[in-house]
Structure formats: C-alpha cells, structure tokens
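For reference, final02.cif (mmCIF, C-alpha atoms and all ligand atoms):
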data_input
#
loop_
_atom_site.label_atom_id
_atom_site.label_comp_id
_atom_site.auth_asym_id
_atom_site.auth_seq_id
_atom_site.Cartn_x
_atom_site.Cartn_y
_atom_site.Cartn_z
CA MET A 1 0.00 0.00 0.00
CA PRO A 2 1.65 3.30 -1.04
CA ILE A 3 2.30 5.79 1.77
CA GLN A 4 -0.38 8.47 1.87
CA PRO A 5 1.26 11.85 2.59
CA THR A 6 0.11 13.97 5.54
CA PRO A 7 0.83 17.71 5.98
CA LYS A 8 3.85 17.69 8.34
CA ILE A 9 6.77 15.64 9.64
CA TRP A 10 8.60 16.54 12.86
CA MET A 11 12.36 16.83 12.27
CA ASN A 12 14.80 17.84 15.00
CA GLY A 13 12.34 20.11 16.76
CA ASP A 14 10.31 21.55 13.87
CA LEU A 15 7.19 20.48 12.01
CA VAL A 16 8.29 20.67 8.38
CA ASP A 17 6.27 20.18 5.21
CA TRP A 18 5.99 16.51 4.19
CA ASP A 19 7.87 17.09 0.92
CA LYS A 20 10.66 18.98 2.68
CA ALA A 21 11.37 16.18 5.18
CA GLN A 22 14.45 15.02 3.31
CA ILE A 23 17.88 13.69 4.20
CA HIS A 24 21.22 13.61 2.38
CA VAL A 25 22.21 10.46 0.46
CA LEU A 26 25.32 10.24 2.66
CA THR A 27 23.25 9.95 5.85
CA HIS A 28 25.13 7.49 8.07
CA THR A 29 22.14 5.30 8.94
CA LEU A 30 21.19 4.85 5.26
CA HIS A 31 24.54 3.12 4.73
CA TYR A 32 24.98 1.13 7.94
CA GLY A 33 21.47 0.49 9.34
CA THR A 34 22.41 2.18 12.62
CA GLY A 35 19.11 3.90 13.44
CA VAL A 36 16.47 2.97 15.99
CA PHE A 37 12.75 3.38 15.45
CA GLU A 38 9.27 2.84 16.83
CA GLY A 39 5.91 1.91 15.39
CA ILE A 40 2.95 3.45 17.23
CA ARG A 41 -0.74 3.82 16.43
CA ALA A 42 -3.15 6.65 17.18
CA TYR A 43 -6.79 5.58 17.23
CA PRO A 44 -10.06 7.51 16.85
CA THR A 45 -11.78 7.88 20.25
CA SER A 46 -14.63 10.00 21.64
CA GLN A 47 -11.93 12.49 22.73
CA GLY A 48 -10.46 12.69 19.23
CA PRO A 49 -7.26 10.95 18.13
CA ALA A 50 -5.46 9.23 21.01
CA VAL A 51 -2.04 7.59 20.88
CA PHE A 52 -1.91 4.05 22.26
CA ARG A 53 0.67 3.52 25.05
CA LEU A 54 2.69 6.49 23.80
CA THR A 55 5.11 6.89 26.71
CA GLU A 56 5.90 3.15 26.72
CA HIS A 57 6.75 3.31 23.01
CA ILE A 58 9.00 6.35 23.43
CA GLU A 59 10.68 4.75 26.44
CA ARG A 60 11.39 1.69 24.28
CA LEU A 61 12.88 3.99 21.61
CA PHE A 62 15.28 5.30 24.24
CA ARG A 63 16.06 1.73 25.41
CA SER A 64 16.85 0.74 21.81
CA ALA A 65 19.19 3.74 21.58
CA HIS A 66 20.77 2.79 24.92
CA ILE A 67 21.45 -0.75 23.67
CA MET A 68 23.03 0.71 20.52
CA GLY A 69 25.09 3.24 22.50
CA MET A 70 23.26 6.11 20.80
CA GLU A 71 22.52 9.41 22.57
CA ILE A 72 19.14 10.92 21.68
CA PRO A 73 19.46 14.71 22.18
CA TYR A 74 15.91 15.02 23.61
CA THR A 75 14.06 13.77 26.67
CA VAL A 76 11.29 11.16 26.63
CA SER A 77 8.73 13.84 27.46
CA GLU A 78 9.95 16.06 24.60
CA ILE A 79 9.50 13.20 22.11
CA VAL A 80 6.11 12.34 23.65
CA ALA A 81 4.98 15.96 23.16
CA ALA A 82 6.45 16.06 19.65
CA THR A 83 4.59 12.86 18.72
CA LYS A 84 1.28 14.29 19.92
CA ALA A 85 1.91 17.53 18.01
CA THR A 86 2.73 15.59 14.84
CA VAL A 87 -0.40 13.43 15.08
CA ALA A 88 -2.52 16.54 15.77
CA SER A 89 -0.99 18.32 12.75
CA THR A 90 -2.22 15.60 10.37
CA GLY A 91 -5.86 16.27 11.18
CA LEU A 92 -6.43 12.50 10.87
CA PRO A 93 -8.76 10.67 13.29
CA GLY A 94 -6.18 7.88 13.58
CA CYS A 95 -2.84 7.01 12.02
CA TYR A 96 0.37 5.03 12.26
CA VAL A 97 3.30 6.91 13.81
CA ARG A 98 6.95 6.24 12.99
CA PRO A 99 9.55 7.97 15.17
CA ILE A 100 13.15 7.32 14.11
CA ALA A 101 16.47 8.35 15.64
CA TYR A 102 19.36 8.09 13.22
CA TYR A 103 22.93 9.12 12.65
CA GLY A 104 22.68 11.87 10.07
CA TYR A 105 24.97 13.55 7.56
CA GLY A 106 28.46 14.58 8.62
CA GLU A 107 30.51 11.49 9.33
CA MET A 108 31.06 8.28 7.41
CA GLY A 109 32.61 5.02 8.58
CA LEU A 110 31.61 2.40 11.10
CA ASN A 111 32.65 4.41 14.11
CA THR A 112 29.42 6.00 15.31
CA LEU A 113 31.08 7.86 18.19
CA PRO A 114 31.62 11.14 16.29
CA CYS A 115 28.12 11.05 14.74
CA SER A 116 25.27 13.31 15.78
CA THR A 117 21.77 11.91 16.20
CA ASP A 118 18.79 13.26 14.29
CA VAL A 119 15.18 12.50 15.19
CA ALA A 120 12.12 12.48 12.93
CA ILE A 121 8.47 11.58 13.54
CA ALA A 122 6.16 10.85 10.63
CA CYS A 123 2.49 9.82 10.59
CA TRP A 124 0.31 8.39 7.87
CA PRO A 125 -2.88 6.34 7.60
CA TRP A 126 -2.18 2.60 7.85
CA ALA A 127 -5.16 0.29 7.59
CA PRO A 128 -5.14 -3.20 9.20
CA PHE A 129 -1.72 -4.49 8.26
CA LEU A 130 -2.74 -7.74 6.57
CA GLY A 131 -6.32 -6.65 5.81
CA GLU A 132 -9.65 -6.89 7.69
CA ASP A 133 -10.06 -10.45 6.46
CA ALA A 134 -6.85 -11.49 8.26
CA LEU A 135 -8.20 -10.14 11.57
CA ASP A 136 -11.41 -12.15 11.17
CA HIS A 137 -10.23 -15.36 9.56
CA GLY A 138 -6.53 -15.64 10.30
CA VAL A 139 -3.44 -15.96 8.15
CA ARG A 140 -1.18 -18.66 6.73
CA MET A 141 2.36 -18.78 8.10
CA LYS A 142 5.66 -20.38 7.22
CA VAL A 143 8.58 -21.10 9.52
CA SER A 144 11.34 -19.12 7.85
CA SER A 145 14.51 -20.63 6.43
CA TRP A 146 16.15 -17.47 7.85
CA THR A 147 17.23 -17.56 11.50
CA ARG A 148 16.52 -14.63 13.86
CA HIS A 149 19.87 -13.05 14.78
CA ASP A 150 21.60 -14.09 17.95
CA HIS A 151 21.86 -11.67 20.90
CA ASN A 152 25.59 -11.38 20.22
CA THR A 153 25.10 -10.66 16.51
CA MET A 154 22.45 -7.94 16.47
CA PRO A 155 20.54 -7.46 19.73
CA PRO A 156 16.89 -8.31 18.92
CA ALA A 157 15.73 -6.36 21.99
CA SER A 158 16.54 -3.13 20.14
CA LYS A 159 14.36 -1.93 17.27
CA THR A 160 17.45 -1.17 15.19
CA THR A 161 16.80 -0.40 11.52
CA GLY A 162 19.52 -2.85 10.39
CA ASN A 163 17.87 -5.72 12.31
CA TYR A 164 15.02 -5.59 9.82
CA VAL A 165 17.18 -6.88 6.95
CA ASN A 166 16.64 -10.28 8.60
CA SER A 167 12.88 -9.67 8.87
CA SER A 168 12.61 -8.49 5.25
CA LEU A 169 14.38 -11.60 3.96
CA ALA A 170 11.93 -13.76 5.88
CA LYS A 171 8.87 -11.72 4.91
CA VAL A 172 9.63 -11.77 1.19
CA GLU A 173 10.46 -15.48 1.28
CA ALA A 174 7.08 -16.16 2.94
CA LEU A 175 5.16 -13.98 0.47
CA LYS A 176 6.89 -15.57 -2.54
CA GLY A 177 5.97 -18.99 -1.14
CA GLY A 178 2.30 -17.96 -1.03
CA TYR A 179 2.15 -17.37 2.74
CA ASP A 180 1.13 -14.20 4.60
CA GLU A 181 3.83 -14.03 7.29
CA ALA A 182 6.93 -15.82 8.58
CA ILE A 183 7.84 -17.30 11.96
CA MET A 184 11.46 -16.76 12.98
CA LEU A 185 13.36 -19.37 14.96
CA ALA A 186 16.25 -18.38 17.20
CA PRO A 187 19.72 -19.88 16.56
CA ASN A 188 18.91 -22.61 19.15
CA GLY A 189 15.88 -23.65 17.08
CA LEU A 190 13.21 -22.37 19.47
CA VAL A 191 10.51 -19.95 18.33
CA ALA A 192 11.49 -16.28 18.62
CA GLU A 193 8.68 -14.24 17.03
CA CYS A 194 7.41 -13.22 13.58
CA THR A 195 9.07 -10.71 11.24
CA GLY A 196 7.61 -7.72 13.11
CA GLU A 197 5.22 -9.29 15.63
CA ASN A 198 5.18 -11.38 18.81
CA ILE A 199 3.72 -14.86 18.53
CA PHE A 200 1.41 -16.74 20.91
CA ALA A 201 0.14 -20.31 21.22
CA VAL A 202 -2.97 -21.31 23.17
CA ARG A 203 -3.05 -24.89 24.45
CA HIS A 204 -5.40 -26.38 27.07
CA GLY A 205 -6.57 -22.84 27.86
CA VAL A 206 -3.05 -21.51 28.61
CA ILE A 207 -1.66 -18.65 26.51
CA ILE A 208 2.11 -18.86 25.93
CA THR A 209 4.49 -16.39 24.28
CA PRO A 210 8.30 -16.72 23.98
CA PRO A 211 10.56 -14.64 26.26
CA MET A 212 12.95 -11.88 25.19
CA SER A 213 15.81 -14.34 25.73
CA ALA A 214 14.39 -16.35 22.78
CA GLY A 215 14.95 -13.28 20.59
CA ALA A 216 11.51 -11.69 20.86
CA LEU A 217 11.09 -7.94 21.10
CA GLU A 218 9.42 -6.77 24.31
CA GLY A 219 6.20 -6.00 22.49
CA ILE A 220 3.81 -3.39 23.78
CA THR A 221 0.83 -5.09 22.12
CA GLN A 222 2.12 -8.35 23.65
CA ASN A 223 2.12 -6.71 27.07
CA SER A 224 -1.38 -5.29 26.47
CA VAL A 225 -2.71 -8.73 25.51
CA MET A 226 -1.04 -10.21 28.61
CA ARG A 227 -2.81 -7.67 30.82
CA ILE A 228 -6.13 -8.22 29.01
CA ALA A 229 -5.70 -12.00 29.42
CA GLU A 230 -5.29 -11.45 33.18
CA ASP A 231 -8.44 -9.29 33.25
CA LEU A 232 -10.37 -12.03 31.46
CA GLY A 233 -9.06 -14.69 33.84
CA PHE A 234 -6.94 -16.60 31.31
CA GLU A 235 -3.72 -18.27 32.40
CA PHE A 236 -0.74 -16.65 30.72
CA ARG A 237 2.88 -17.80 30.58
CA VAL A 238 6.05 -16.38 29.05
CA ASP A 239 7.86 -19.54 28.03
CA ASN A 240 9.82 -21.15 25.23
CA LEU A 241 7.97 -22.73 22.33
CA ALA A 242 9.22 -25.26 19.79
CA ARG A 243 7.77 -25.15 16.27
CA SER A 244 5.84 -28.35 17.06
CA ASP A 245 4.19 -26.57 20.01
CA LEU A 246 2.74 -24.21 17.42
CA TYR A 247 1.61 -27.04 15.14
CA ILE A 248 -0.37 -28.72 17.95
CA ALA A 249 -1.72 -25.52 19.51
CA ASP A 250 -5.50 -25.18 19.86
CA GLU A 251 -5.08 -21.56 18.70
CA ALA A 252 -2.23 -19.32 17.64
CA PHE A 253 -2.03 -15.61 16.93
CA PHE A 254 0.46 -12.78 16.68
CA THR A 255 0.49 -9.20 17.92
CA GLY A 256 2.14 -5.94 16.91
CA THR A 257 1.33 -2.29 16.52
CA ALA A 258 0.97 -2.66 12.76
CA ALA A 259 -0.59 -6.17 12.87
CA GLU A 260 -2.74 -5.57 16.01
CA VAL A 261 -4.08 -9.03 17.07
CA THR A 262 -4.01 -11.37 14.06
CA PRO A 263 -5.17 -15.02 14.29
CA ILE A 264 -3.12 -17.77 12.62
CA ARG A 265 -5.06 -20.48 10.80
CA GLU A 266 -2.23 -22.49 9.25
CA ILE A 267 1.50 -23.05 9.78
CA ASP A 268 3.67 -24.95 7.28
CA GLY A 269 0.63 -26.58 5.68
CA ARG A 270 -0.80 -27.72 9.05
CA THR A 271 -4.19 -26.45 10.16
CA ILE A 272 -4.07 -24.79 13.58
CA GLY A 273 -7.00 -25.77 15.79
CA ASN A 274 -10.16 -25.71 13.72
CA GLY A 275 -8.53 -23.48 11.06
CA LYS A 276 -10.50 -20.44 12.20
CA ARG A 277 -9.99 -17.64 14.70
CA GLY A 278 -10.22 -19.47 18.04
CA PRO A 279 -12.46 -18.42 20.95
CA VAL A 280 -9.60 -17.22 23.20
CA THR A 281 -8.06 -15.20 20.36
CA GLU A 282 -11.46 -13.72 19.55
CA ARG A 283 -12.03 -12.53 23.13
CA LEU A 284 -8.54 -11.06 23.46
CA GLN A 285 -8.85 -9.35 20.09
CA ALA A 286 -12.28 -7.88 20.89
CA LYS A 287 -11.08 -6.52 24.25
CA PHE A 288 -7.89 -5.16 22.63
CA PHE A 289 -9.95 -3.16 20.12
CA GLU A 290 -12.13 -1.82 22.96
CA CYS A 291 -8.96 -0.69 24.77
CA VAL A 292 -7.53 1.10 21.73
CA ASN A 293 -10.73 2.97 20.92
CA GLY A 294 -11.42 3.91 24.55
CA THR A 295 -14.68 1.98 24.95
CA ALA A 296 -13.21 -0.49 27.49
CA VAL A 297 -13.74 0.41 31.13
CA ALA A 298 -10.20 -0.67 32.05
CA HIS A 299 -6.88 0.70 30.82
CA ARG A 300 -8.08 4.18 29.89
CA ASP A 301 -4.57 5.31 30.85
CA TRP A 302 -3.22 3.47 27.78
CA LEU A 303 -4.59 6.28 25.60
CA SER A 304 -3.04 9.74 25.25
CA PRO A 305 -5.50 12.06 23.50
CA VAL A 306 -3.49 14.41 21.28
CA ALA A 307 -5.71 17.37 22.14
CA ALA A 308 -4.91 17.05 25.88
N1 LIG A 401 8.71 -7.90 17.16
C1 LIG A 401 9.29 -7.13 16.23
C2 LIG A 401 10.54 -7.59 15.59
C3 LIG A 401 8.69 -5.92 15.88
O1 LIG A 401 9.25 -5.15 14.96
C4 LIG A 401 7.47 -5.53 16.50
C5 LIG A 401 6.82 -4.24 16.10
C6 LIG A 401 6.91 -6.38 17.47
C7 LIG A 401 7.56 -7.55 17.78
C8 LIG A 401 5.65 -6.02 18.21
O2 LIG A 401 5.88 -4.93 19.07
P1 LIG A 401 4.72 -3.89 19.45
O3 LIG A 401 4.43 -3.10 18.22
O4 LIG A 401 5.32 -3.10 20.53
O5 LIG A 401 3.55 -4.67 19.87
N2 LIG A 401 6.87 -3.99 14.71
C9 LIG A 401 6.58 -2.67 14.18
C10 LIG A 401 7.05 -2.55 12.74
C11 LIG A 401 6.32 -3.45 11.79
C12 LIG A 401 6.58 -3.16 10.34
O6 LIG A 401 6.09 -3.95 9.52
O7 LIG A 401 7.23 -2.16 10.01
C13 LIG A 401 5.12 -2.34 14.30
O8 LIG A 401 4.28 -3.23 14.46
O9 LIG A 401 4.81 -1.16 14.22
#
Will you turn the file into structure tokens for me?
Amino acid sequence: MPIQPTPKIWMNGDLVDWDKAQIHVLTHTLHYGTGVFEGIRAYPTSQGPAVFRLTEHIERLFRSAHIMGMEIPYTVSEIVAATKATVASTGLPGCYVRPIAYYGYGEMGLNTLPCSTDVAIACWPWAPFLGEDALDHGVRMKVSSWTRHDHNTMPPASKTTGNYVNSSLAKVEALKGGYDEAIMLAPNGLVAECTGENIFAVRHGVIITPPMSAGALEGITQNSVMRIAEDLGFEFRVDNLARSDLYIADEAFFTGTAAEVTPIREIDGRTIGNGKRGPVTERLQAKFFECVNGTAVAHRDWLSPVAA
C-alpha cells in the first residue's frame, strides 16, 4: 500500500512540510542500518485521536538507543509531546506513527562515536496491516529458512533499523511462497517471534508467548494482551515454544502495533486448531480493540488524546 502523505513531519524540533522532510544520500544510517525506530498507532476515540501507550513506546525507543550506544538529544517527554503535536498536525482521526532516531549527515565510517543523532516523527494512515479479512479469519504462516539473529550478533531487543534486513528476507520469502507471514526461529531452534510481531500459542486454555531471551522484542501489544488475558481470567505464561508446540496448539495468533491481534489459521501446511480464529483469540482481540478505541472500562490510561 503506497504511503499516503500527511501535511507535516517533525524533524529535530520543527514540524516541516511533508515534501521537505528530506535527508542527504550520505546519511550514516542509510549506509549502515544504525538507526532505531518505533511503530505506534493513534486511534479515533470519543476524545479525538489518542495515541496508544505512547510513553511506553517512546521509552522503548530510548532503550533501543541505549542498547546501541546512541545518545538521543531530547528527553522522553519532549518526544512524547512532539509525537502528539505531529499526530494533531495531520488532522487525521487515527494514524500510524513512525519515530526514528538516526545518525545523520556529517561522518562516514563504522565508528558512530563522532556522529550526531537526528530524530524524525512521521504519521500516515495505515489500515489493518494484513487486511480486515486477516483479523477475522486468520493468516497462513511459514517457519522461515532465515534464522533470527543471535543476541551477540544484532541485539533483537533493540528496534534497530539494520535488524530488519533479517525480517525483510523472511517476509519476502514467505510472500513468494504464497504465505502471509513468517515465523522466525532463534539460533537454538526455538521460536522467537514473527518478522515484526510477537507470537502466541494457546493450548489447554493456557496462553504462551516466547521470552525476550528467545529473541523476541518486548512487544507493547504483547504486554497489552497479557494484561487483558489477566483481566479475562486466562492463564498466561512467558515460556519457550518449539515449532511443534505451534503445530499442535489449539489456537495461535500474533500481535504488533501494525498487525494488532491477528489469528493464525495455518503453519507450514498444518491447520491450527479448527482453522478459524479461536475463541480465546477472539475474546482477546475484541477486548484489545475496545482498549484502543477507549470503549473499554479498564486501561483508559493506555490512551493519550493528542488534544490534551
Ligand atoms: N517484534 C518485532 C521484531 C517488531 O518489529 C514488532 C513491532 C513487534 C515484535 C511487536 O511490538 P509492538 O508493536 O510493541 O507490539 N513492529 C513494528 C514494525 C512493523 C513493520 O512492519 O514495520 C510495528 O508493528 O509497528
């Protein structure tokens, strides 16, 4: 889906016109994949557009930078305020938000120590990632032939731009094979996550998602679903999964800001459960959508209205 332009992009403290938000071809991060980024959504609510778990996302941006040894020349609250201002400037009821901190123009070479850090925040409309049909009926997955990088290769706990070379290889392989998404295994063969989502299996009523040590990102949607599962009285565990645990699951699904809560109906040619969105997934998904649009009674604090 082509990006739909919005009026402004925040760059280093200013809201600039969309077409003027440009960088030099010798920007460090373009060459070496050294940036860190976030994916956030703002949703339409009765109080206007509200950003979902905004501070948590910006804190994770700063944690990614910390892992990479990058200094962001702003505070968390400055980037939180800048994100709200950018969303408000679009005039959109809801949108996807992409903050990125990157080493800009000025230095070249693998030594990032002399580089200065630039920050940009862009917003645009992004419909359900894999389509409405995927949310209702689930998707077909493939365990990737590509391995998720090891903690000592590229730390998967950081949303580093360069990490996503691995995810893109897996995503394109899956699409070319006729699947919707890929499952990434860690170097030890256990399940890590999907290309840009956390994965979950439901078996005998227990919901299980792999830990960060398995190479999963500490997902904010994952955490939201965990908290919703608690509210609904489901048993939840963070634990390792083998690919066969996924094959024999009663239900499986994945979560992410872009993907929201997407059921899985097939993995590697094997039907998962009854091949439809399962009852646990359906309840978690329904409650998640109530939380993001502000109609749930609980977790109102997850929403930051941009007008406030
Ligand atoms: N794992 C990875 C590797 C990842 O990139 C994401 C977010 C998640 C898990 C889920 O995290 P959270 O969004 O906090 O629930 N992926 C972002 C980028 C996806 C893309 O296709 O680009 C996102 O969902 O915005």
Would you mind listing, for every residue of chain A within 8 Å of ligand LIG 401 (chain A), the two atoms forming the shortest contact and the distance between them in Å to one decimal, using only C-alpha atoms and all ligand atoms, sorted by chain and ascending residue number, as CSV?
residue,atom,partner,partner_atom,distance
A:Glu38,CA,A:LIG401,O9,6.5
A:Gly39,CA,A:LIG401,O9,3.5
A:Ile40,CA,A:LIG401,O9,5.8
A:Arg41,CA,A:LIG401,O9,7.8
A:His57,CA,A:LIG401,O4,7.0
A:Tyr96,CA,A:LIG401,O9,7.9
A:Arg98,CA,A:LIG401,O9,7.8
A:Phe129,CA,A:LIG401,O6,7.9
A:Pro156,CA,A:LIG401,C2,7.2
A:Lys159,CA,A:LIG401,O1,6.5
A:Tyr164,CA,A:LIG401,C2,7.6
A:Ser167,CA,A:LIG401,C2,7.4
A:Glu193,CA,A:LIG401,N1,6.3
A:Cys194,CA,A:LIG401,N1,6.5
A:Thr195,CA,A:LIG401,C2,5.6
A:Gly196,CA,A:LIG401,C3,3.5
A:Glu197,CA,A:LIG401,C7,3.6
A:Asn198,CA,A:LIG401,C7,4.6
A:Ala216,CA,A:LIG401,N1,6.0
A:Leu217,CA,A:LIG401,N1,4.6
A:Glu218,CA,A:LIG401,O2,6.6
A:Gly219,CA,A:LIG401,O2,3.6
A:Ile220,CA,A:LIG401,O4,3.6
A:Thr221,CA,A:LIG401,O5,3.6
A:Gln222,CA,A:LIG401,O5,5.5
A:Asn223,CA,A:LIG401,O5,7.6
A:Thr255,CA,A:LIG401,O5,5.8
A:Gly256,CA,A:LIG401,O5,3.5
A:Thr257,CA,A:LIG401,O3,3.6
A:Ala258,CA,A:LIG401,O8,3.8
A:Ala259,CA,A:LIG401,O8,5.9
A:Glu260,CA,A:LIG401,O5,7.4
Excluding same-chain residues fewer than 3 positions from Cys115 of chain A, what lies within 6 Å of it counting all atoms listed in the file, as a CSV table (one decimal) with C-alpha atoms, in the coordinates of the input?
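File out34.csv, as written:
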chain,number,residue,atom,x,y,z
A,103,TYR,CA,22.9,9.1,12.6
A,107,GLU,CA,30.5,11.5,9.3
A,112,THR,CA,29.4,6.0,15.3
Near Arg53 of chain A, within 7 Å and counting only C-alpha atoms, which residues show up once chain neighbours fewer than 3 positions away are dropped, as a VMD selection string? chain A and resid 56 to 57 302 to 303
Write a file of the just-selected residues containing C-alpha atoms, as a PDB file, in the frame of the given file.
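Output file selection.pdb is given in full below:
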ATOM      1  CA  GLU A  56       5.900   3.150  26.720  1.00  0.00           C
ATOM      2  CA  HIS A  57       6.750   3.310  23.010  1.00  0.00           C
ATOM      3  CA  TRP A 302      -3.220   3.470  27.780  1.00  0.00           C
ATOM      4  CA  LEU A 303      -4.590   6.280  25.600  1.00  0.00           C
TER       5      LEU A 303
END
Atom pair atom CA of Leu284 of chain A + atom CA of Gly131 of chain A, distance 18.3 Å
Distance criterion (only C-alpha atoms): nearest to Gly233 of chain A out of A:Arg148, A:Arg300, A:Arg60, A:Arg283: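 Of the candidates, the smallest distance to Gly233 of chain A is held by A:Arg283.
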Select all residues near (-6.7, -17.1, 20.6) (cut-off 10 Å, inclusive, file coordinates), counting all atoms listed in the file, and output them as a PyMOL selection string. chain A and resi 200-203+205-207+249-254+261-264+273+276-285
For segment 62-153 of chain A against segment 210-215 of chain A, with a cut-off of 10 Å and counting only C-alpha atoms, what is the closest atom pair and its distance in Å to one decimal for every residue that makes the cut, ordered by chain and number, as a tab-separated table?
residue	atom	partner	partner_atom	distance
A:Arg148	CA	A:Gly215	CA	7.0
A:His149	CA	A:Gly215	CA	7.6
A:Asp150	CA	A:Gly215	CA	7.2
A:His151	CA	A:Gly215	CA	7.1
For atom CA of Glu181 of chain A and atom CA of Glu132 of chain A, quote the distance in Å rounded to one decimal.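 Here the two named atoms are 15.3 Å from each other.
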Can you pull out every residue within 12 Å of Ser89 of chain A, counting all atoms listed in the file, but drop anything in the same chain fewer than 3 positions away, and send it as a ChimeraX atom specification? /A:6-10,14-18,49,82-86,92-95,121-124,306-307
